[in-house]
file upload_30.pdb (PDB, C-alpha atoms)
ATOM      1  CA  MET A   1       0.000   0.000   0.000
ATOM      2  CA  ILE A   2       2.854   2.414   0.785
ATOM      3  CA  ASP A   3       5.632   0.838  -1.286
ATOM      4  CA  ARG A   4       5.171   3.356  -4.111
ATOM      5  CA  TYR A   5       5.981   6.187  -1.703
ATOM      6  CA  LEU A   6       8.928   4.483  -0.023
ATOM      7  CA  LEU A   7      10.665   3.138  -3.132
ATOM      8  CA  PRO A   8      11.964   6.512  -4.419
ATOM      9  CA  LEU A   9      13.465   7.244  -0.984
ATOM     10  CA  GLN A  10      14.982   3.768  -0.852
ATOM     11  CA  ARG A  11      16.511   4.083  -4.303
ATOM     12  CA  ALA A  12      18.067   7.459  -3.456
ATOM     13  CA  ALA A  13      19.545   6.134  -0.192
ATOM     14  CA  LEU A  14      21.100   3.054  -1.825
ATOM     15  CA  VAL A  15      22.877   4.704  -4.757
ATOM     16  CA  ARG A  16      26.194   5.199  -2.947
ATOM     17  CA  PRO A  17      26.342   1.728  -1.344
ATOM     18  CA  ALA A  18      25.435   0.168  -4.696
ATOM     19  CA  ARG A  19      28.201   2.027  -6.507
ATOM     20  CA  ALA A  20      30.671   0.962  -3.831
ATOM     21  CA  LEU A  21      29.685  -2.678  -4.386
ATOM     22  CA  VAL A  22      29.998  -2.300  -8.158
ATOM     23  CA  ARG A  23      33.515  -0.876  -7.761
ATOM     24  CA  ARG A  24      34.425  -3.991  -5.777
ATOM     25  CA  GLY A  25      33.076  -6.264  -8.485
ATOM     26  CA  VAL A  26      29.997  -7.422  -6.558
ATOM     27  CA  GLY A  27      27.076  -8.268  -8.834
ATOM     28  CA  ALA A  28      23.362  -7.924  -8.214
ATOM     29  CA  ASP A  29      22.771 -11.687  -8.224
ATOM     30  CA  GLN A  30      25.456 -12.126  -5.561
ATOM     31  CA  VAL A  31      23.676  -9.593  -3.350
ATOM     32  CA  THR A  32      20.353 -11.357  -3.915
ATOM     33  CA  LEU A  33      21.777 -14.752  -2.950
ATOM     34  CA  ALA A  34      23.603 -13.341   0.079
ATOM     35  CA  GLY A  35      20.388 -11.711   1.251
ATOM     36  CA  PHE A  36      18.492 -14.956   0.864
ATOM     37  CA  GLY A  37      21.175 -16.737   2.872
ATOM     38  CA  LEU A  38      20.726 -14.211   5.675
ATOM     39  CA  GLY A  39      16.986 -14.823   5.472
ATOM     40  CA  LEU A  40      17.497 -18.558   5.931
ATOM     41  CA  ILE A  41      19.649 -17.904   8.994
ATOM     42  CA  ALA A  42      16.874 -15.624  10.301
ATOM     43  CA  VAL A  43      14.422 -18.536  10.069
ATOM     44  CA  GLY A  44      16.820 -20.656  12.106
ATOM     45  CA  ALA A  45      17.081 -17.880  14.679
ATOM     46  CA  LEU A  46      13.293 -17.705  14.900
ATOM     47  CA  ALA A  47      13.046 -21.456  15.393
ATOM     48  CA  ALA A  48      15.577 -21.175  18.216
ATOM     49  CA  GLY A  49      13.664 -18.338  19.853
ATOM     50  CA  ALA A  50      16.437 -15.798  19.174
ATOM     51  CA  TYR A  51      13.992 -13.093  18.124
ATOM     52  CA  THR A  52      16.311 -10.085  18.384
ATOM     53  CA  LEU A  53      18.888 -11.779  16.163
ATOM     54  CA  ALA A  54      16.132 -12.816  13.786
ATOM     55  CA  LEU A  55      14.894  -9.237  13.515
ATOM     56  CA  PHE A  56      18.406  -8.034  12.671
ATOM     57  CA  LEU A  57      18.807 -10.726  10.006
ATOM     58  CA  ILE A  58      15.383  -9.965   8.515
ATOM     59  CA  ALA A  59      16.406  -6.306   8.283
ATOM     60  CA  MET A  60      19.662  -7.329   6.554
ATOM     61  CA  ASN A  61      17.706  -9.509   4.136
ATOM     62  CA  ARG A  62      15.509  -6.552   3.223
ATOM     63  CA  LEU A  63      18.554  -4.283   2.869
ATOM     64  CA  ALA A  64      20.046  -6.776   0.424
ATOM     65  CA  ASP A  65      16.723  -6.890  -1.410
ATOM     66  CA  GLY A  66      16.974  -3.165  -2.004
ATOM     67  CA  LEU A  67      20.691  -3.222  -2.776
ATOM     68  CA  ASP A  68      20.452  -5.874  -5.481
ATOM     69  CA  GLY A  69      18.097  -3.660  -7.464
ATOM     70  CA  ALA A  70      20.344  -0.631  -6.936
ATOM     71  CA  VAL A  71      23.374  -2.578  -8.161
ATOM     72  CA  ALA A  72      21.400  -3.816 -11.162
ATOM     73  CA  ARG A  73      20.459  -0.254 -12.085
ATOM     74  CA  GLU A  74      24.156   0.695 -12.045
ATOM     75  CA  VAL A  75      25.335  -2.096 -14.348
ATOM     76  CA  GLY A  76      22.144  -2.930 -16.235
ATOM     77  CA  PRO A  77      19.266  -5.146 -15.034
ATOM     78  CA  THR A  78      18.821  -8.691 -16.313
ATOM     79  CA  GLU A  79      15.772 -10.904 -16.631
ATOM     80  CA  ARG A  80      17.551 -13.586 -14.597
ATOM     81  CA  GLY A  81      18.079 -11.083 -11.802
ATOM     82  CA  ALA A  82      14.431 -10.049 -11.809
ATOM     83  CA  PHE A  83      13.365 -13.706 -11.717
ATOM     84  CA  LEU A  84      15.766 -14.576  -8.912
ATOM     85  CA  ASP A  85      14.758 -11.572  -6.834
ATOM     86  CA  ILE A  86      11.017 -12.199  -6.888
ATOM     87  CA  ALA A  87      11.292 -16.000  -6.587
ATOM     88  CA  LEU A  88      13.489 -15.860  -3.482
ATOM     89  CA  ASP A  89      11.418 -13.060  -1.938
ATOM     90  CA  PHE A  90       8.252 -15.169  -1.944
ATOM     91  CA  VAL A  91      10.067 -18.134  -0.403
ATOM     92  CA  PHE A  92      11.527 -15.903   2.310
ATOM     93  CA  TYR A  93       8.122 -14.438   3.166
ATOM     94  CA  ALA A  94       6.670 -17.932   3.619
ATOM     95  CA  LEU A  95       9.608 -19.171   5.701
ATOM     96  CA  VAL A  96       9.317 -16.472   8.372
ATOM     97  CA  PRO A  97       5.951 -17.742   9.726
ATOM     98  CA  LEU A  98       7.378 -21.261   9.550
ATOM     99  CA  GLY A  99      10.176 -20.137  11.856
ATOM    100  CA  PHE A 100       7.647 -18.978  14.442
ATOM    101  CA  ALA A 101       5.745 -22.258  14.090
ATOM    102  CA  LEU A 102       8.936 -24.205  14.767
ATOM    103  CA  ALA A 103       9.670 -22.050  17.808
ATOM    104  CA  ASP A 104       6.338 -22.860  19.474
ATOM    105  CA  PRO A 105       4.211 -25.333  17.490
ATOM    106  CA  ALA A 106       1.404 -25.529  20.020
ATOM    107  CA  ALA A 107       0.810 -21.783  20.093
ATOM    108  CA  ASN A 108       1.864 -20.727  16.614
ATOM    109  CA  ALA A 109       1.454 -23.540  14.079
ATOM    110  CA  LEU A 110      -2.178 -22.943  13.091
ATOM    111  CA  ALA A 111      -1.766 -19.163  12.771
ATOM    112  CA  ALA A 112       1.450 -19.671  10.798
ATOM    113  CA  ALA A 113      -0.317 -22.073   8.423
ATOM    114  CA  ALA A 114      -3.090 -19.520   7.870
ATOM    115  CA  LEU A 115      -0.576 -16.781   7.140
ATOM    116  CA  ILE A 116       1.408 -18.946   4.728
ATOM    117  CA  ALA A 117      -1.832 -19.843   2.922
ATOM    118  CA  ALA A 118      -2.664 -16.131   2.727
ATOM    119  CA  PHE A 119       0.784 -15.473   1.249
ATOM    120  CA  VAL A 120       0.046 -18.103  -1.413
ATOM    121  CA  GLY A 121      -3.043 -16.082  -2.323
ATOM    122  CA  THR A 122      -1.232 -12.748  -2.565
ATOM    123  CA  GLY A 123       1.775 -14.255  -4.329
ATOM    124  CA  SER A 124      -0.132 -16.315  -6.879
ATOM    125  CA  SER A 125      -2.472 -13.448  -7.795
ATOM    126  CA  PHE A 126       0.519 -11.103  -8.082
ATOM    127  CA  LEU A 127       2.464 -13.434 -10.380
ATOM    128  CA  ALA A 128      -0.551 -14.464 -12.473
ATOM    129  CA  PHE A 129      -1.379 -10.816 -13.142
ATOM    130  CA  ALA A 130       2.271 -10.043 -13.962
ATOM    131  CA  ALA A 131       2.518 -12.935 -16.429
ATOM    132  CA  ILE A 132      -0.551 -11.878 -18.406
ATOM    133  CA  ALA A 133       0.362  -8.187 -18.182
ATOM    134  CA  ALA A 134       3.781  -8.974 -19.673
ATOM    135  CA  ARG A 135       2.162 -10.878 -22.550
ATOM    136  CA  ARG A 136      -0.008  -7.838 -23.247
ATOM    137  CA  GLY A 137       2.896  -5.412 -22.965
ATOM    138  CA  LEU A 138       1.464  -3.614 -19.943
ATOM    139  CA  SER A 139       3.601  -1.731 -17.405
ATOM    140  CA  ALA A 140       2.901  -0.515 -13.869
ATOM    141  CA  GLU A 141       3.208   3.278 -13.895
ATOM    142  CA  ALA A 142       3.495   3.454 -10.100
ATOM    143  CA  TYR A 143       6.476   1.052 -10.086
ATOM    144  CA  PRO A 144       8.450   1.810 -13.279
ATOM    145  CA  ALA A 145      11.759   0.379 -12.001
ATOM    146  CA  LYS A 146      10.416  -3.076 -11.142
ATOM    147  CA  GLY A 147      11.592  -6.034 -13.223
ATOM    148  CA  ILE A 148       8.041  -7.359 -13.647
ATOM    149  CA  TYR A 149       4.565  -5.825 -13.516
ATOM    150  CA  TYR A 150       4.182  -4.851  -9.861
ATOM    151  CA  LEU A 151       0.568  -5.069  -8.746
ATOM    152  CA  GLY A 152       0.001  -3.198  -5.502
ATOM    153  CA  GLY A 153      -2.402  -3.977  -2.723
ATOM    154  CA  LEU A 154      -3.255  -3.533   0.928
ATOM    155  CA  THR A 155      -0.361  -5.775   2.015
ATOM    156  CA  GLU A 156       2.839  -5.073   0.100
ATOM    157  CA  GLY A 157       6.485  -5.396   1.076
ATOM    158  CA  ALA A 158       6.608  -2.578   3.614
ATOM    159  CA  GLU A 159       3.545  -3.789   5.490
ATOM    160  CA  THR A 160       4.844  -7.368   5.509
ATOM    161  CA  ILE A 161       8.203  -6.385   6.972
ATOM    162  CA  ALA A 162       6.500  -4.164   9.539
ATOM    163  CA  VAL A 163       4.392  -7.070  10.795
ATOM    164  CA  PHE A 164       7.449  -9.377  10.809
ATOM    165  CA  ALA A 165       9.250  -6.807  12.959
ATOM    166  CA  ALA A 166       6.284  -6.628  15.334
ATOM    167  CA  MET A 167       6.257 -10.431  15.597
ATOM    168  CA  CYS A 168       9.936 -10.441  16.549
ATOM    169  CA  LEU A 169       9.498  -7.656  19.097
ATOM    170  CA  TRP A 170       6.394  -9.255  20.653
ATOM    171  CA  PRO A 171       6.652 -12.987  19.864
ATOM    172  CA  ALA A 172       3.851 -13.890  22.274
ATOM    173  CA  ALA A 173       1.512 -11.873  20.062
ATOM    174  CA  PHE A 174       2.418 -13.891  16.958
ATOM    175  CA  PRO A 175      -0.950 -15.707  16.669
ATOM    176  CA  THR A 176      -2.937 -12.472  16.852
ATOM    177  CA  LEU A 177      -0.636 -10.675  14.433
ATOM    178  CA  ALA A 178      -0.576 -13.618  12.019
ATOM    179  CA  TRP A 179      -4.349 -14.062  11.909
ATOM    180  CA  SER A 180      -4.863 -10.311  11.504
ATOM    181  CA  PHE A 181      -2.329 -10.005   8.701
ATOM    182  CA  ALA A 182      -3.708 -13.124   7.006
ATOM    183  CA  ALA A 183      -7.107 -11.390   6.896
ATOM    184  CA  LEU A 184      -5.534  -8.301   5.318
ATOM    185  CA  CYS A 185      -3.735 -10.518   2.805
ATOM    186  CA  ALA A 186      -7.069 -12.117   1.929
ATOM    187  CA  ILE A 187      -8.440  -8.667   1.145
ATOM    188  CA  THR A 188      -5.407  -7.993  -1.058
ATOM    189  CA  THR A 189      -5.940 -11.286  -2.881
ATOM    190  CA  LEU A 190      -9.610 -10.536  -3.506
ATOM    191  CA  SER A 191      -8.762  -7.056  -4.796
ATOM    192  CA  ARG A 192      -6.155  -8.515  -7.170
ATOM    193  CA  TRP A 193      -8.615 -11.126  -8.421
ATOM    194  CA  HIS A 194     -11.043  -8.300  -9.135
ATOM    195  CA  GLN A 195      -8.339  -6.279 -10.911
ATOM    196  CA  GLY A 196      -7.391  -9.263 -13.053
ATOM    197  CA  TRP A 197     -11.014 -10.094 -13.809
ATOM    198  CA  SER A 198     -11.611  -6.514 -14.964
ATOM    199  CA  ALA A 199      -8.296  -5.847 -16.707
ATOM    200  CA  PHE A 200      -8.328  -9.053 -18.748
ATOM    201  CA  ALA A 201     -12.039  -9.220 -19.516
ATOM    202  CA  THR A 202     -11.486  -8.422 -23.190
ATOM    203  CA  ALA A 203      -9.698 -10.592 -25.708
ATOM    204  CA  GLU A 204      -5.961 -10.139 -26.003
ATOM    205  CA  PRO A 205      -5.094  -7.330 -28.463
ATOM    206  CA  ARG A 206      -3.787  -8.559 -31.822
TER     207      ARG A 206
END
call {"tool": "encode", "arguments": {"input": "upload_30.pdb", "output": "structure tokens"}}
result
Amino acid sequence: MIDRYLLPLQRAALVRPARALVRRGVGADQVTLAGFGLGLIAVGALAAGAYTLALFLIAMNRLADGLDGAVAREVGPTERGAFLDIALDFVFYALVPLGFALADPAANALAAAALIAAFVGTGSSFLAFAAIAARRGLSAEAYPAKGIYYLGGLTEGAETIAVFAAMCLWPAAFPTLAWSFAALCAITTLSRWHQGWSAFATAEPR
């Protein structure tokens, strides 16, 4: 919901670090993979109940997620990079609730399952829309720098990371936060279904 407002600020802040990485020969795909590795360690920290460490690692994962795009803009983006970025992002988002479920299965497993299912809804509707939009040559005016058509919604990246941070700061509240965010994700999914139903109602232009 607020990603479109934060992205220009993020891009401006990451120009210098990205150029420093480029000068050292670090590529965008390397940053993406390193960030995903930090995300996997964050899941392990969550499972172990090390919530402060997990929050730090989640923040580093998100920093890498911004840096890989900044590096790509310096040297030239690639389709492989765009694919890798979005594919690993969706896996990371699903693994964070799993980490909380592993930490306390009795209290967290059902809420985590609901949130992961909600992420399937938001992710699948996002990617399905992007695939058909690409075939039709459409572009998202609000997100011109994205590697694929970026369909917004009530629960975007910023909101997801905010709720992950809240879960790490108040782990006992995970079930409440997870169920609440799952409901918001369901609204996002329904809105994206409606957008797809309306946008693709006509035959594909020839």
call {"tool": "residues_around", "arguments": {"input": "upload_30.pdb", "residues": "Gly44 (chain A)", "least_positions_apart": "6", "cutoff": "12 Å", "atoms": "only C-alpha atoms", "output": "PyMOL selection string"}}
result
chain A and resi 37-38+50-51+53-55+57-58+95-103
call {"tool": "atom_distance", "arguments": {"input": "upload_30.pdb", "atom1": "CA of Trp170 (chain A)", "atom2": "CA of Gly35 (chain A)"}}
result
24.0 Å
call {"tool": "resolve_selection", "arguments": {"input": "upload_30.pdb", "expression": "the PyMOL selection byres ((chain A and resi 182-194) around 12)", "output": "PyMOL selection string"}}
result
chain A and resi 1+94+97+110-130+150-157+159-160+163+174-181+195-201
call {"tool": "resolve_selection", "arguments": {"input": "upload_30.pdb", "expression": "the PyMOL selection byres ((chain A and resi 62) around 12)", "output": "PDB file with C-alpha atoms, in the coordinates of the input"}}
result
ATOM      1  CA  GLN A  10      14.982   3.768  -0.852  1.00  0.00           C
ATOM      2  CA  VAL A  31      23.676  -9.593  -3.350  1.00  0.00           C
ATOM      3  CA  THR A  32      20.353 -11.357  -3.915  1.00  0.00           C
ATOM      4  CA  ALA A  34      23.603 -13.341   0.079  1.00  0.00           C
ATOM      5  CA  GLY A  35      20.388 -11.711   1.251  1.00  0.00           C
ATOM      6  CA  PHE A  36      18.492 -14.956   0.864  1.00  0.00           C
ATOM      7  CA  GLY A  37      21.175 -16.737   2.872  1.00  0.00           C
ATOM      8  CA  LEU A  38      20.726 -14.211   5.675  1.00  0.00           C
ATOM      9  CA  GLY A  39      16.986 -14.823   5.472  1.00  0.00           C
ATOM     10  CA  ALA A  42      16.874 -15.624  10.301  1.00  0.00           C
ATOM     11  CA  LEU A  55      14.894  -9.237  13.515  1.00  0.00           C
ATOM     12  CA  PHE A  56      18.406  -8.034  12.671  1.00  0.00           C
ATOM     13  CA  LEU A  57      18.807 -10.726  10.006  1.00  0.00           C
ATOM     14  CA  ILE A  58      15.383  -9.965   8.515  1.00  0.00           C
ATOM     15  CA  ALA A  59      16.406  -6.306   8.283  1.00  0.00           C
ATOM     16  CA  MET A  60      19.662  -7.329   6.554  1.00  0.00           C
ATOM     17  CA  ASN A  61      17.706  -9.509   4.136  1.00  0.00           C
ATOM     18  CA  LEU A  63      18.554  -4.283   2.869  1.00  0.00           C
ATOM     19  CA  ALA A  64      20.046  -6.776   0.424  1.00  0.00           C
ATOM     20  CA  ASP A  65      16.723  -6.890  -1.410  1.00  0.00           C
ATOM     21  CA  GLY A  66      16.974  -3.165  -2.004  1.00  0.00           C
ATOM     22  CA  LEU A  67      20.691  -3.222  -2.776  1.00  0.00           C
ATOM     23  CA  ASP A  68      20.452  -5.874  -5.481  1.00  0.00           C
ATOM     24  CA  GLY A  69      18.097  -3.660  -7.464  1.00  0.00           C
ATOM     25  CA  ASP A  85      14.758 -11.572  -6.834  1.00  0.00           C
ATOM     26  CA  LEU A  88      13.489 -15.860  -3.482  1.00  0.00           C
ATOM     27  CA  ASP A  89      11.418 -13.060  -1.938  1.00  0.00           C
ATOM     28  CA  PHE A  92      11.527 -15.903   2.310  1.00  0.00           C
ATOM     29  CA  TYR A  93       8.122 -14.438   3.166  1.00  0.00           C
ATOM     30  CA  GLY A 157       6.485  -5.396   1.076  1.00  0.00           C
ATOM     31  CA  ALA A 158       6.608  -2.578   3.614  1.00  0.00           C
ATOM     32  CA  THR A 160       4.844  -7.368   5.509  1.00  0.00           C
ATOM     33  CA  ILE A 161       8.203  -6.385   6.972  1.00  0.00           C
ATOM     34  CA  ALA A 162       6.500  -4.164   9.539  1.00  0.00           C
ATOM     35  CA  PHE A 164       7.449  -9.377  10.809  1.00  0.00           C
ATOM     36  CA  ALA A 165       9.250  -6.807  12.959  1.00  0.00           C
TER      37      ALA A 165
END
call {"tool": "closest_residue", "arguments": {"input": "upload_30.pdb", "among": "A:Pro171, A:Pro105, A:Gly27, A:Gly49", "to": "Val71 (chain A)", "atoms": "all atoms listed in the file"}}
result
A:Gly27
call {"tool": "atom_distance", "arguments": {"input": "upload_30.pdb", "atom1": "CA of Leu46 (chain A)", "atom2": "CA of Leu33 (chain A)"}}
result
20.0 Å
call {"tool": "closest_residue", "arguments": {"input": "upload_30.pdb", "among": "A:Val22, A:Ala47, A:Ala106, A:Leu40", "to": "Arg73 (chain A)", "atoms": "only C-alpha atoms"}}
result
A:Val22
call {"tool": "closest_residue", "arguments": {"input": "upload_30.pdb", "among": "A:Glu74, A:Glu79, A:Asp29, A:Asp104", "to": "Leu14 (chain A)", "atoms": "all atoms listed in the file"}}
result
A:Glu74
